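As provided, structure-v9.txt (compact mmCIF, C-alpha atoms) reads as follows.
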# COMPACT_ATOMS: atom_id res chain seq x y z
CA MET U 1 52.80 25.87 35.52
CA ARG U 2 49.14 26.52 34.50
CA VAL U 3 50.36 27.86 31.15
CA VAL U 4 52.39 24.70 30.53
CA VAL U 5 49.35 22.50 31.30
CA VAL U 6 47.09 24.45 28.95
CA VAL U 7 49.66 24.32 26.12
CA PHE U 8 50.19 20.59 26.65
CA ALA U 9 46.39 19.98 26.58
CA ALA U 10 46.04 21.89 23.32
CA LEU U 11 48.88 19.94 21.72
CA LEU U 12 47.37 16.66 22.92
CA THR U 13 44.00 17.57 21.39
CA LEU U 14 45.66 18.33 18.04
CA GLY U 15 47.52 15.04 18.25
CA LEU U 16 44.29 13.16 18.83
CA ALA U 17 42.72 14.77 15.75
CA ALA U 18 45.74 13.94 13.59
CA PHE U 19 45.84 10.29 14.60
CA GLY U 20 42.08 9.69 15.00
CA VAL U 21 41.96 6.85 12.47
CA VAL U 22 44.61 4.87 14.30
CA ALA U 23 42.99 5.62 17.62
CA ALA U 24 39.59 4.46 16.38
CA GLN U 25 40.97 1.17 15.07
CA LYS U 26 43.06 0.23 18.10
CA SER U 27 40.88 0.12 21.16
CA SER U 28 43.80 -0.46 23.49
CA GLY U 29 45.54 2.64 22.14
CA THR U 30 42.31 4.60 22.47
CA GLY U 31 41.99 3.64 26.10
CA SER U 32 45.54 4.79 26.82
CA LEU U 33 45.05 8.13 25.08
CA ILE U 34 41.82 8.80 26.92
CA ALA U 35 43.44 7.89 30.23
CA LEU U 36 46.31 10.26 29.51
CA ALA U 37 44.01 13.03 28.36
CA GLU U 38 41.87 12.73 31.47
CA HIS U 39 44.90 13.47 33.63
CA ILE U 40 45.00 16.91 32.03
CA LEU U 41 41.48 17.52 30.62
CA SER U 42 38.12 16.69 32.16
CA PRO U 43 36.61 13.32 31.09
CA ALA U 44 33.96 15.08 29.02
CA GLN U 45 36.58 17.19 27.21
CA ALA U 46 38.71 14.14 26.48
CA THR U 47 35.76 12.17 25.07
CA SER U 48 34.66 15.12 22.92
CA ALA U 49 38.17 15.48 21.50
CA LEU U 50 38.31 11.80 20.54
CA ALA U 51 34.81 11.90 18.98
CA ALA U 52 35.80 14.90 16.90
CA ALA U 53 38.92 13.07 15.76
CA THR U 54 36.99 10.00 14.52
CA PRO U 55 36.14 10.29 10.79
CA ALA U 56 32.42 10.65 10.02
CA SER U 57 32.52 7.68 7.64
CA GLN U 58 33.67 5.40 10.46
CA ARG U 59 30.92 6.67 12.77
CA GLN U 60 28.30 6.01 10.08
CA THR U 61 29.68 2.51 9.45
CA ALA U 62 29.50 1.66 13.13
CA GLN U 63 25.90 2.90 13.31
CA ALA U 64 24.88 0.99 10.18
CA SER U 65 26.33 -2.26 11.49
CA ALA U 66 23.87 -2.14 14.36
CA VAL U 67 20.86 -2.12 11.98
CA GLN U 68 19.68 -5.55 10.87
CA GLY U 69 17.12 -6.18 8.14
CA PRO U 70 14.15 -8.49 8.71
CA VAL U 71 14.85 -12.19 8.46
CA ILE U 72 12.40 -13.96 6.16
CA LYS U 73 11.88 -17.66 6.69
CA VAL U 74 9.88 -20.24 4.80
CA SER U 75 8.71 -23.13 6.93
CA GLU U 76 7.18 -26.35 5.69
CA THR U 77 4.49 -28.73 6.87
CA THR U 78 5.05 -32.12 5.30
CA SER U 79 3.53 -35.55 5.45
CA ALA U 80 7.00 -37.13 5.39
CA ALA U 81 10.56 -35.99 5.93
CA ARG U 82 12.19 -34.51 2.83
CA PRO U 83 15.75 -33.51 2.01
CA ALA U 84 16.52 -29.86 2.52
CA THR U 85 16.54 -27.69 -0.58
CA PRO U 86 19.95 -26.05 -1.14
CA SER U 87 19.97 -22.30 -0.65
CA ALA U 88 19.73 -20.42 -3.92
CA PRO U 89 21.99 -17.42 -4.64
CA PRO U 90 20.52 -13.92 -4.31
CA ALA U 91 18.29 -12.82 -7.15
CA LYS U 92 19.87 -11.13 -10.16
CA SER U 93 16.77 -9.95 -11.95
CA VAL U 94 15.69 -6.78 -13.66
CA VAL U 95 13.14 -6.24 -10.92
CA ALA U 96 15.00 -6.55 -7.64
CA GLN U 97 13.09 -7.06 -4.42
CA ASN U 98 14.62 -4.01 -2.75
CA SER U 99 15.57 -1.92 -5.76
CA ALA U 100 13.62 1.24 -4.98
CA ALA U 101 15.76 4.37 -5.22
CA ALA U 102 14.84 5.56 -1.76
CA ALA U 103 14.97 3.25 1.23
CA PRO U 104 11.41 2.06 1.99
CA ALA U 105 9.79 2.74 5.33
CA PRO U 106 10.24 -0.10 7.79
CA PRO U 107 7.47 -2.69 7.58
CA ALA U 108 4.56 -2.42 9.95
CA PRO U 109 4.59 -4.96 12.75
CA ALA U 110 3.23 -8.26 11.46
CA PRO U 111 0.05 -9.56 13.07
CA ALA U 112 0.60 -12.17 15.74
CA ALA U 113 0.87 -15.54 14.02
CA ALA U 114 -1.69 -18.11 14.92
CA SER U 115 -0.34 -21.22 16.56
CA ALA U 116 -0.30 -24.41 14.50
CA GLY U 117 -3.51 -25.56 16.14
CA THR U 118 -5.43 -22.33 15.50
CA SER U 119 -4.30 -21.36 12.00
CA PRO U 120 -7.25 -20.14 9.90
CA TRP U 121 -5.81 -22.16 6.99
CA PRO U 122 -5.65 -25.95 6.79
CA THR U 123 -2.28 -27.12 8.11
CA THR U 124 -2.72 -30.79 7.26
CA LEU U 125 -3.04 -32.54 3.93
CA PRO U 126 -6.62 -33.08 2.69
CA GLN U 127 -8.21 -36.42 3.40
CA CYS U 128 -8.81 -38.22 0.13
CA ASN U 129 -11.04 -41.19 -0.68
CA ASN U 130 -10.28 -41.12 -4.39
CA PRO U 131 -7.44 -43.59 -5.19
CA ASP U 132 -6.96 -41.98 -8.60
CA ALA U 133 -6.66 -38.43 -7.26
CA LEU U 134 -3.54 -36.36 -7.73
CA GLY U 135 -3.29 -35.40 -4.06
CA MET U 136 -0.76 -33.15 -2.34
CA SER U 137 2.77 -33.75 -1.12
CA ARG U 138 3.08 -30.98 1.47
CA ILE U 139 1.94 -27.56 2.70
CA VAL U 140 4.39 -24.66 2.83
CA GLN U 141 3.83 -21.83 5.28
CA ILE U 142 5.20 -18.43 4.23
CA ASP U 143 6.12 -15.67 6.65
CA THR U 144 5.30 -12.54 4.64
CA THR U 145 6.95 -10.12 7.07
CA GLY U 146 8.81 -7.51 5.03
CA GLY U 147 7.17 -8.58 1.76
CA PRO U 148 9.28 -11.46 0.35
CA ALA U 149 8.91 -12.13 -3.38
CA PHE U 150 8.47 -15.46 -5.15
CA GLY U 151 8.52 -16.82 -8.68
CA THR U 152 11.78 -17.49 -10.48
CA GLU U 153 10.71 -15.64 -13.59
CA HIS U 154 11.69 -12.51 -11.65
CA PHE U 155 12.94 -13.53 -8.19
CA LYS U 156 15.55 -16.25 -7.67
CA GLN U 157 16.15 -16.19 -3.93
CA TYR U 158 13.30 -18.38 -2.68
CA ASP U 159 13.24 -21.40 -4.99
CA PHE U 160 11.65 -23.73 -2.45
CA LEU U 161 10.13 -26.44 -4.66
CA HIS U 162 11.63 -29.88 -5.10
CA GLU U 163 11.79 -31.61 -8.46
CA LYS U 164 8.35 -32.70 -9.71
CA GLU U 165 6.51 -30.32 -7.37
CA VAL U 166 4.01 -27.73 -8.56
CA VAL U 167 2.04 -24.88 -7.01
CA LEU U 168 -1.26 -24.17 -8.74
CA THR U 169 -2.21 -20.49 -8.94
CA PHE U 170 -5.13 -18.77 -10.68
CA ASP U 171 -5.63 -15.11 -11.58
CA ASP U 172 -8.47 -12.74 -12.51
CA GLY U 173 -11.38 -14.47 -10.79
CA PRO U 174 -13.72 -15.04 -9.27
CA TRP U 175 -16.00 -15.63 -12.24
CA PRO U 176 -19.35 -17.44 -12.43
CA GLU U 177 -19.23 -21.01 -13.70
CA ASN U 178 -15.49 -20.94 -14.45
CA THR U 179 -14.29 -20.58 -10.85
CA GLU U 180 -16.81 -23.20 -9.74
CA MET U 181 -15.55 -25.65 -12.39
CA VAL U 182 -11.94 -25.12 -11.30
CA LEU U 183 -12.86 -25.57 -7.64
CA LYS U 184 -14.69 -28.83 -8.34
CA ALA U 185 -11.73 -30.24 -10.28
CA LEU U 186 -9.38 -29.35 -7.42
CA GLN U 187 -11.63 -30.91 -4.80
CA ASP U 188 -12.15 -34.07 -6.87
CA ASN U 189 -8.36 -34.45 -6.92
CA CYS U 190 -7.86 -33.59 -3.23
CA VAL U 191 -5.59 -30.61 -3.95
CA ARG U 192 -5.57 -26.95 -2.96
CA ALA U 193 -4.53 -23.91 -4.93
CA THR U 194 -3.92 -20.18 -4.55
CA PHE U 195 -6.28 -17.66 -6.16
CA PHE U 196 -5.30 -14.05 -6.87
CA GLU U 197 -8.64 -12.29 -7.18
CA ILE U 198 -9.53 -8.99 -8.82
CA GLY U 199 -11.28 -6.91 -6.16
CA GLU U 200 -14.04 -5.65 -8.43
CA HIS U 201 -14.83 -9.21 -9.54
CA ALA U 202 -14.99 -10.25 -5.90
CA THR U 203 -17.61 -7.58 -5.16
CA TRP U 204 -19.71 -8.81 -8.08
CA ASN U 205 -19.57 -12.45 -6.96
CA PRO U 206 -18.67 -12.51 -3.26
CA GLN U 207 -20.24 -15.94 -2.79
CA LEU U 208 -17.54 -17.43 -5.03
CA THR U 209 -14.77 -16.00 -2.88
CA LYS U 210 -16.48 -17.40 0.20
CA GLU U 211 -16.74 -20.83 -1.43
CA LEU U 212 -13.02 -20.87 -2.16
CA VAL U 213 -12.13 -19.84 1.38
CA ASP U 214 -14.52 -22.35 2.91
CA ALA U 215 -13.00 -25.08 0.73
CA GLY U 216 -9.55 -24.42 2.22
CA MET U 217 -8.12 -22.62 -0.78
CA THR U 218 -5.68 -19.75 -0.27
CA VAL U 219 -7.06 -16.45 -1.57
CA GLY U 220 -4.91 -13.38 -2.24
CA SER U 221 -5.44 -10.22 -4.30
CA HIS U 222 -4.72 -8.94 -7.80
CA THR U 223 -5.58 -5.18 -7.62
CA TRP U 224 -9.01 -3.59 -7.71
CA SER U 225 -9.56 -3.49 -11.49
CA HIS U 226 -6.53 -5.18 -13.12
CA LYS U 227 -4.72 -2.00 -14.09
CA ASP U 228 -1.11 -2.12 -15.32
CA LEU U 229 0.63 -0.29 -12.48
CA ALA U 230 3.78 0.27 -14.55
CA ARG U 231 1.84 2.59 -16.88
CA ASN U 232 0.43 6.07 -16.35
CA PRO U 233 -1.39 7.38 -14.48
CA TYR U 234 -0.18 4.86 -11.87
CA ALA U 235 3.50 5.01 -12.86
CA LYS U 236 3.67 8.72 -12.08
CA ASP U 237 1.28 8.73 -9.12
CA ILE U 238 2.19 6.21 -6.44
CA GLU U 239 -0.80 7.17 -4.32
CA GLN U 240 -3.15 6.21 -7.13
CA ALA U 241 -1.25 2.95 -7.55
CA LYS U 242 -1.53 2.24 -3.82
CA GLN U 243 -5.26 2.83 -4.03
CA GLU U 244 -5.57 0.27 -6.84
CA ILE U 245 -3.69 -2.27 -4.72
CA GLU U 246 -5.41 -1.55 -1.42
CA MET U 247 -8.97 -1.42 -2.76
CA GLY U 248 -8.33 -4.86 -4.21
CA VAL U 249 -7.18 -6.15 -0.83
CA SER U 250 -10.19 -4.61 0.92
CA ALA U 251 -12.70 -5.94 -1.63
CA VAL U 252 -11.41 -9.52 -1.46
CA HIS U 253 -11.35 -9.31 2.32
CA MET U 254 -14.98 -8.17 2.38
CA ALA U 255 -16.05 -10.88 -0.05
CA ALA U 256 -14.46 -13.53 2.20
CA ALA U 257 -17.01 -12.50 4.84
CA GLY U 258 -14.79 -13.18 7.82
CA GLY U 259 -12.79 -15.98 6.21
CA PRO U 260 -9.02 -15.61 6.08
CA VAL U 261 -7.43 -13.73 3.18
CA ALA U 262 -3.72 -14.18 2.56
CA PRO U 263 -1.21 -11.32 2.37
CA PHE U 264 -0.33 -12.58 -1.13
CA PHE U 265 -0.36 -10.24 -4.15
CA ARG U 266 0.31 -10.62 -7.85
CA PHE U 267 0.76 -7.63 -10.18
CA PRO U 268 -1.39 -7.59 -13.34
CA ASP U 269 0.61 -8.63 -16.41
CA LEU U 270 3.54 -9.25 -14.01
CA GLN U 271 4.48 -5.57 -14.34
CA MET U 272 6.14 -4.82 -11.00
CA PRO U 273 7.44 -1.29 -10.31
CA PRO U 274 10.17 -1.50 -7.65
CA ASP U 275 8.66 1.28 -5.53
CA LEU U 276 5.40 -0.68 -5.28
CA ILE U 277 7.23 -3.87 -4.34
CA ALA U 278 8.88 -1.82 -1.59
CA TYR U 279 5.46 -0.52 -0.54
CA LEU U 280 4.06 -4.04 -0.27
CA GLY U 281 7.01 -4.81 1.99
CA THR U 282 5.86 -2.14 4.42
CA ARG U 283 2.45 -3.84 4.43
CA ASN U 284 3.92 -7.32 5.03
CA ILE U 285 2.38 -8.53 1.76
CA ALA U 286 4.31 -11.05 -0.35
CA THR U 287 4.72 -10.46 -4.08
CA PHE U 288 4.17 -13.40 -6.42
CA SER U 289 5.51 -13.67 -9.92
CA THR U 290 5.57 -17.17 -11.42
CA ASP U 291 7.90 -19.93 -12.52
CA ILE U 292 5.78 -20.98 -15.50
CA ASP U 293 3.34 -18.70 -17.30
CA THR U 294 0.99 -20.98 -19.23
CA PHE U 295 -0.38 -18.09 -21.34
CA ASP U 296 -3.75 -19.78 -21.11
CA PHE U 297 -5.44 -16.40 -21.58
CA LYS U 298 -4.41 -16.58 -25.24
CA ILE U 299 -5.83 -20.10 -25.74
CA ARG U 300 -9.43 -20.93 -26.56
CA LYS U 301 -9.33 -24.74 -26.71
CA PRO U 302 -9.08 -26.84 -23.52
CA GLU U 303 -6.76 -29.41 -25.14
CA GLU U 304 -4.36 -26.63 -26.08
CA VAL U 305 -4.33 -25.39 -22.49
CA VAL U 306 -3.41 -28.91 -21.33
CA LYS U 307 -0.63 -29.06 -23.91
CA SER U 308 0.76 -25.67 -22.88
CA VAL U 309 0.84 -26.61 -19.19
CA MET U 310 2.43 -30.03 -19.61
CA THR U 311 4.97 -29.00 -22.27
CA LYS U 312 6.29 -26.09 -20.23
CA LEU U 313 6.29 -28.07 -17.01
CA ALA U 314 8.23 -30.94 -18.62
CA LYS U 315 10.89 -28.44 -19.67
CA ASN U 316 11.12 -26.79 -16.26
CA GLY U 317 10.65 -29.89 -14.08
CA LYS U 318 8.75 -28.06 -11.34
CA GLY U 319 7.26 -24.68 -10.66
CA ILE U 320 4.61 -22.20 -9.64
CA LEU U 321 2.05 -22.39 -12.47
CA LEU U 322 0.15 -19.26 -13.52
CA MET U 323 -3.34 -19.95 -14.91
CA HIS U 324 -6.64 -18.06 -14.98
CA ASP U 325 -9.93 -19.25 -13.50
CA PHE U 326 -11.44 -16.34 -15.44
CA GLN U 327 -10.84 -18.29 -18.68
CA HIS U 328 -13.48 -20.86 -19.67
CA ALA U 329 -11.03 -22.99 -21.64
CA THR U 330 -8.85 -23.30 -18.54
CA ALA U 331 -11.84 -24.25 -16.40
CA GLU U 332 -12.77 -26.95 -18.89
CA ALA U 333 -9.18 -28.19 -19.07
CA MET U 334 -8.58 -28.50 -15.31
CA PRO U 335 -9.73 -32.13 -14.81
CA GLU U 336 -7.43 -33.29 -17.62
CA ILE U 337 -4.53 -31.09 -16.44
CA LEU U 338 -4.73 -32.65 -12.98
CA HIS U 339 -5.00 -36.13 -14.48
CA GLN U 340 -1.92 -35.56 -16.65
CA LEU U 341 0.02 -34.22 -13.66
CA HIS U 342 -0.84 -37.40 -11.78
CA LEU U 343 0.24 -39.64 -14.65
CA ALA U 344 3.54 -37.77 -14.98
CA GLY U 345 4.33 -38.13 -11.28
CA TYR U 346 3.95 -34.51 -10.22
CA LYS U 347 2.89 -33.54 -6.70
CA VAL U 348 1.01 -30.43 -5.63
CA VAL U 349 2.35 -28.14 -2.89
CA GLY U 350 -0.10 -25.90 -1.06
CA LEU U 351 0.80 -22.38 0.08
CA VAL U 352 -0.52 -20.77 3.25
CA PRO U 353 0.67 -17.59 4.98
CA LYS U 354 1.75 -17.29 8.57
CA PHE U 355 -0.89 -14.63 9.28
CA PRO U 356 -3.87 -13.05 7.48
CA VAL U 357 -3.76 -9.78 5.58
CA THR U 358 -4.90 -6.60 7.29
CA THR U 359 -6.89 -3.92 5.48
CA ILE U 360 -6.74 -0.14 5.77
CA PRO U 361 -10.06 1.48 6.80
CA LYS U 362 -9.73 4.31 4.27
CA TYR U 363 -9.75 1.83 1.39
CA ASP U 364 -12.49 -0.28 2.96
CA ASP U 365 -14.65 2.86 2.81
CA MET U 366 -13.71 3.43 -0.84
CA VAL U 367 -14.87 -0.07 -1.75
CA ARG U 368 -18.17 0.43 0.08
CA ALA U 369 -18.69 3.80 -1.61
CA ASN U 370 -18.08 2.20 -5.00
CA ASP U 371 -21.21 0.08 -4.65
CA LYS U 372 -23.82 2.25 -6.37
CA TYR U 373 -26.63 -0.05 -5.28
CA SER U 374 -25.75 -0.42 -1.62
CA SER U 375 -28.56 0.52 0.69
CA SER U 376 -28.53 1.73 4.25
CA ASN U 377 -31.76 -0.24 4.62
CA ASN U 378 -29.89 -3.53 4.14
CA THR U 379 -28.37 -3.76 7.60
CA ARG U 380 -30.27 -6.75 9.02
CA PRO U 381 -28.80 -10.25 8.70
CA GLU U 382 -30.12 -12.25 5.75
CA ASN U 383 -31.74 -14.96 7.89
CA SER U 384 -33.87 -12.34 9.61
CA VAL U 385 -35.08 -10.91 6.29
CA ILE U 386 -35.52 -14.02 4.14
CA LYS U 387 -37.15 -17.22 5.34
CA THR U 388 -38.25 -20.30 3.39
CA ILE U 389 -41.84 -21.12 4.34
CA SER U 390 -42.42 -24.00 1.93
CA GLU U 391 -40.43 -26.11 -0.52
Spell out the structure here as structure tokens.
Amino acid sequence: MRVVVVVFAALLTLGLAAFGVVAAQKSSGTGSLIALAEHILSPAQATSALAAATPASQRQTAQASAVQGPVIKVSETTSAARPATPSAPPAKSVVAQNSAAAAPAPPAPAPAAASAGTSPWPTTLPQCNNPDALGMSRIVQIDTTGGPAFGTEHFKQYDFLHEKEVVLTFDDGPWPENTEMVLKALQDNCVRATFFEIGEHATWNPQLTKELVDAGMTVGSHTWSHKDLARNPYAKDIEQAKQEIEMGVSAVHMAAAGGPVAPFFRFPDLQMPPDLIAYLGTRNIATFSTDIDTFDFKIRKPEEVVKSVMTKLAKNGKGILLMHDFQHATAEAMPEILHQLHLAGYKVVGLVPKFPVTTIPKYDDMVRANDKYSSSNNTRPENSVIKTISE
């Protein structure tokens, strides 16, 4: 009798292996087979036989279905209710948001978001006493968890602007006189903008970064020294490319002197290697391309800058505008640009992140070490060293 039982158990095990696919797909059948097997084999032996019979591809599929990617949401703060923007189809661009060959490491946990009442960025529209000012229509808050990417020139998924809405962005600052002229024009028109600063420039003129932050502008980063990260040596050395990105983040953060810096990043020349986009995702830093590149860096006359902005915007109808507060012609053109936007019925949308950027201590130290004229003697606060005694 024992011999018959052993032979029957062996045949049953072979039968389970032969019909594993059917057994895996039909849970009721699986339960019956296991119940029958457990009359003859131990429960552990029966379960092992069924696991061995299930194809590896099905086991991998079942495991993969349990893994969910991060959900990225864009929330809005508005002065009035607006119709919802239809969802756009997934991006079909040369530079895909998750197109790195190897799967990127999971993003670091995002910092705890400040509540609406304690956000370090303005969450209400600016008060305006100028009846002729352009003004703002709304403020959009962006959750940068996982590193979402924006700007329809490269990324189509998050096209969140309504018709006749613009986001004003400026690259390559801060720069003496020019950044101050741009800031004044913005404040005179009761609007806010986003500035992508070069880290090295921020260390040269930290007071300008602080002025922008104190004025309620959103400040992000634009690398340490404006290197094209799609070219060598950065293209072949990702660690060197990361250093260029992270030193820029650290430098802008230091220049803000405790003010909030956004986890917003724009690549120089809009050259965006997929592996670096993936890296920014692990840092919960959003990548910004643009909708409309004004090419103001090629223009030397303010009136031509105005023409470039308004002509391209009229064709597109809305968009994230890329300009440069580094350029003097752009700084001179800003009052007229804002005036023309007002006359044409455009509204400005402000961007704020859900949480501030975090820096990495290693790169903070690199920025400090880069200052050849730093002194260990300069550790006392300024107001204890310098005092006005007459004026």
How many Å lie between CA of Asp171 in chain U and CA of Thr118 in chain U, rounded to one decimal?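 Value for the CA of Asp171 in chain U-CA of Thr118 in chain U distance: 28.0 Å.
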Just to confirm, what's the straight-line distance from CA of Ala149 in chain U to CA of Ile198 in chain U in Å (one decimal)?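 Separation of CA of Ala149 in chain U and CA of Ile198 in chain U: 19.5 Å.
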May I ask which of the residues U:Pro335, U:Gly259, U:Pro120, U:Pro274 is the closest one to Pro302 in chain U, counting all atoms listed in the file?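 That would be U:Pro335, the residue with the smallest distance to Pro302 in chain U.
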Quick one: pull the distance between CA of Cys128 in chain U and CA of Asn189 in chain U, Å, one decimal.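 Computing it gives 8.0 Å between the two atoms.
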Nearest to Lys301 in chain U among U:Ala278, U:Ala185, U:Leu321, U:Ala331, with distances taken over only C-alpha atoms: which residue is it? U:Ala331
Which residues, written as JSON, numbers by chain, have at least one atom at most 9 Å from range 260-267 of chain U, with all atoms listed in the file counted and residues fewer than 3 positions away on the same chain left out? {"U": [120, 121, 144, 147, 171, 196, 213, 218, 219, 220, 221, 222, 223, 226, 227, 228, 229, 245, 249, 252, 253, 256, 257, 270, 271, 272, 280, 283, 284, 285, 286, 287, 288, 289, 352, 353, 354, 355, 356, 357, 358]}
Spatial neighbours of Val182 in chain U, 9 Å, only C-alpha atoms, chain gap at least 2 places, as a PyMOL selection string: chain U and resi 177-180+184-187+325+330-335
Option closest in space to Val309 in chain U, from U:Ile142, U:Cys190, U:Ile386, U:Val166 [counting all atoms listed in the file]: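 Comparing U:Ile142, U:Cys190, U:Ile386, U:Val166 against Val309 in chain U, the winner is U:Val166.
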Residue neighbourhood Pro131 in chain U, 12 Å, all atoms listed in the file, exclusion window fewer than 2 positions, as a VMD selection string: chain U and resid 127 to 129 133 to 135 188 to 190 342
Hey, what's within 9 Å of Ala329 in chain U if we count all atoms listed in the file and toss same-chain stuff fewer than 6 positions away? As a PDB file with C-alpha atoms, in the coordinates of the input, please?
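Here's the written file result.pdb:
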ATOM      1  CA  ASN U 178     -15.490 -20.940 -14.450  1.00  0.00           C
ATOM      2  CA  ASP U 296      -3.750 -19.780 -21.110  1.00  0.00           C
ATOM      3  CA  PHE U 297      -5.440 -16.400 -21.580  1.00  0.00           C
ATOM      4  CA  ILE U 299      -5.830 -20.100 -25.740  1.00  0.00           C
ATOM      5  CA  ARG U 300      -9.430 -20.930 -26.560  1.00  0.00           C
ATOM      6  CA  LYS U 301      -9.330 -24.740 -26.710  1.00  0.00           C
ATOM      7  CA  PRO U 302      -9.080 -26.840 -23.520  1.00  0.00           C
ATOM      8  CA  GLU U 303      -6.760 -29.410 -25.140  1.00  0.00           C
ATOM      9  CA  GLU U 304      -4.360 -26.630 -26.080  1.00  0.00           C
ATOM     10  CA  VAL U 305      -4.330 -25.390 -22.490  1.00  0.00           C
TER      11      VAL U 305
END
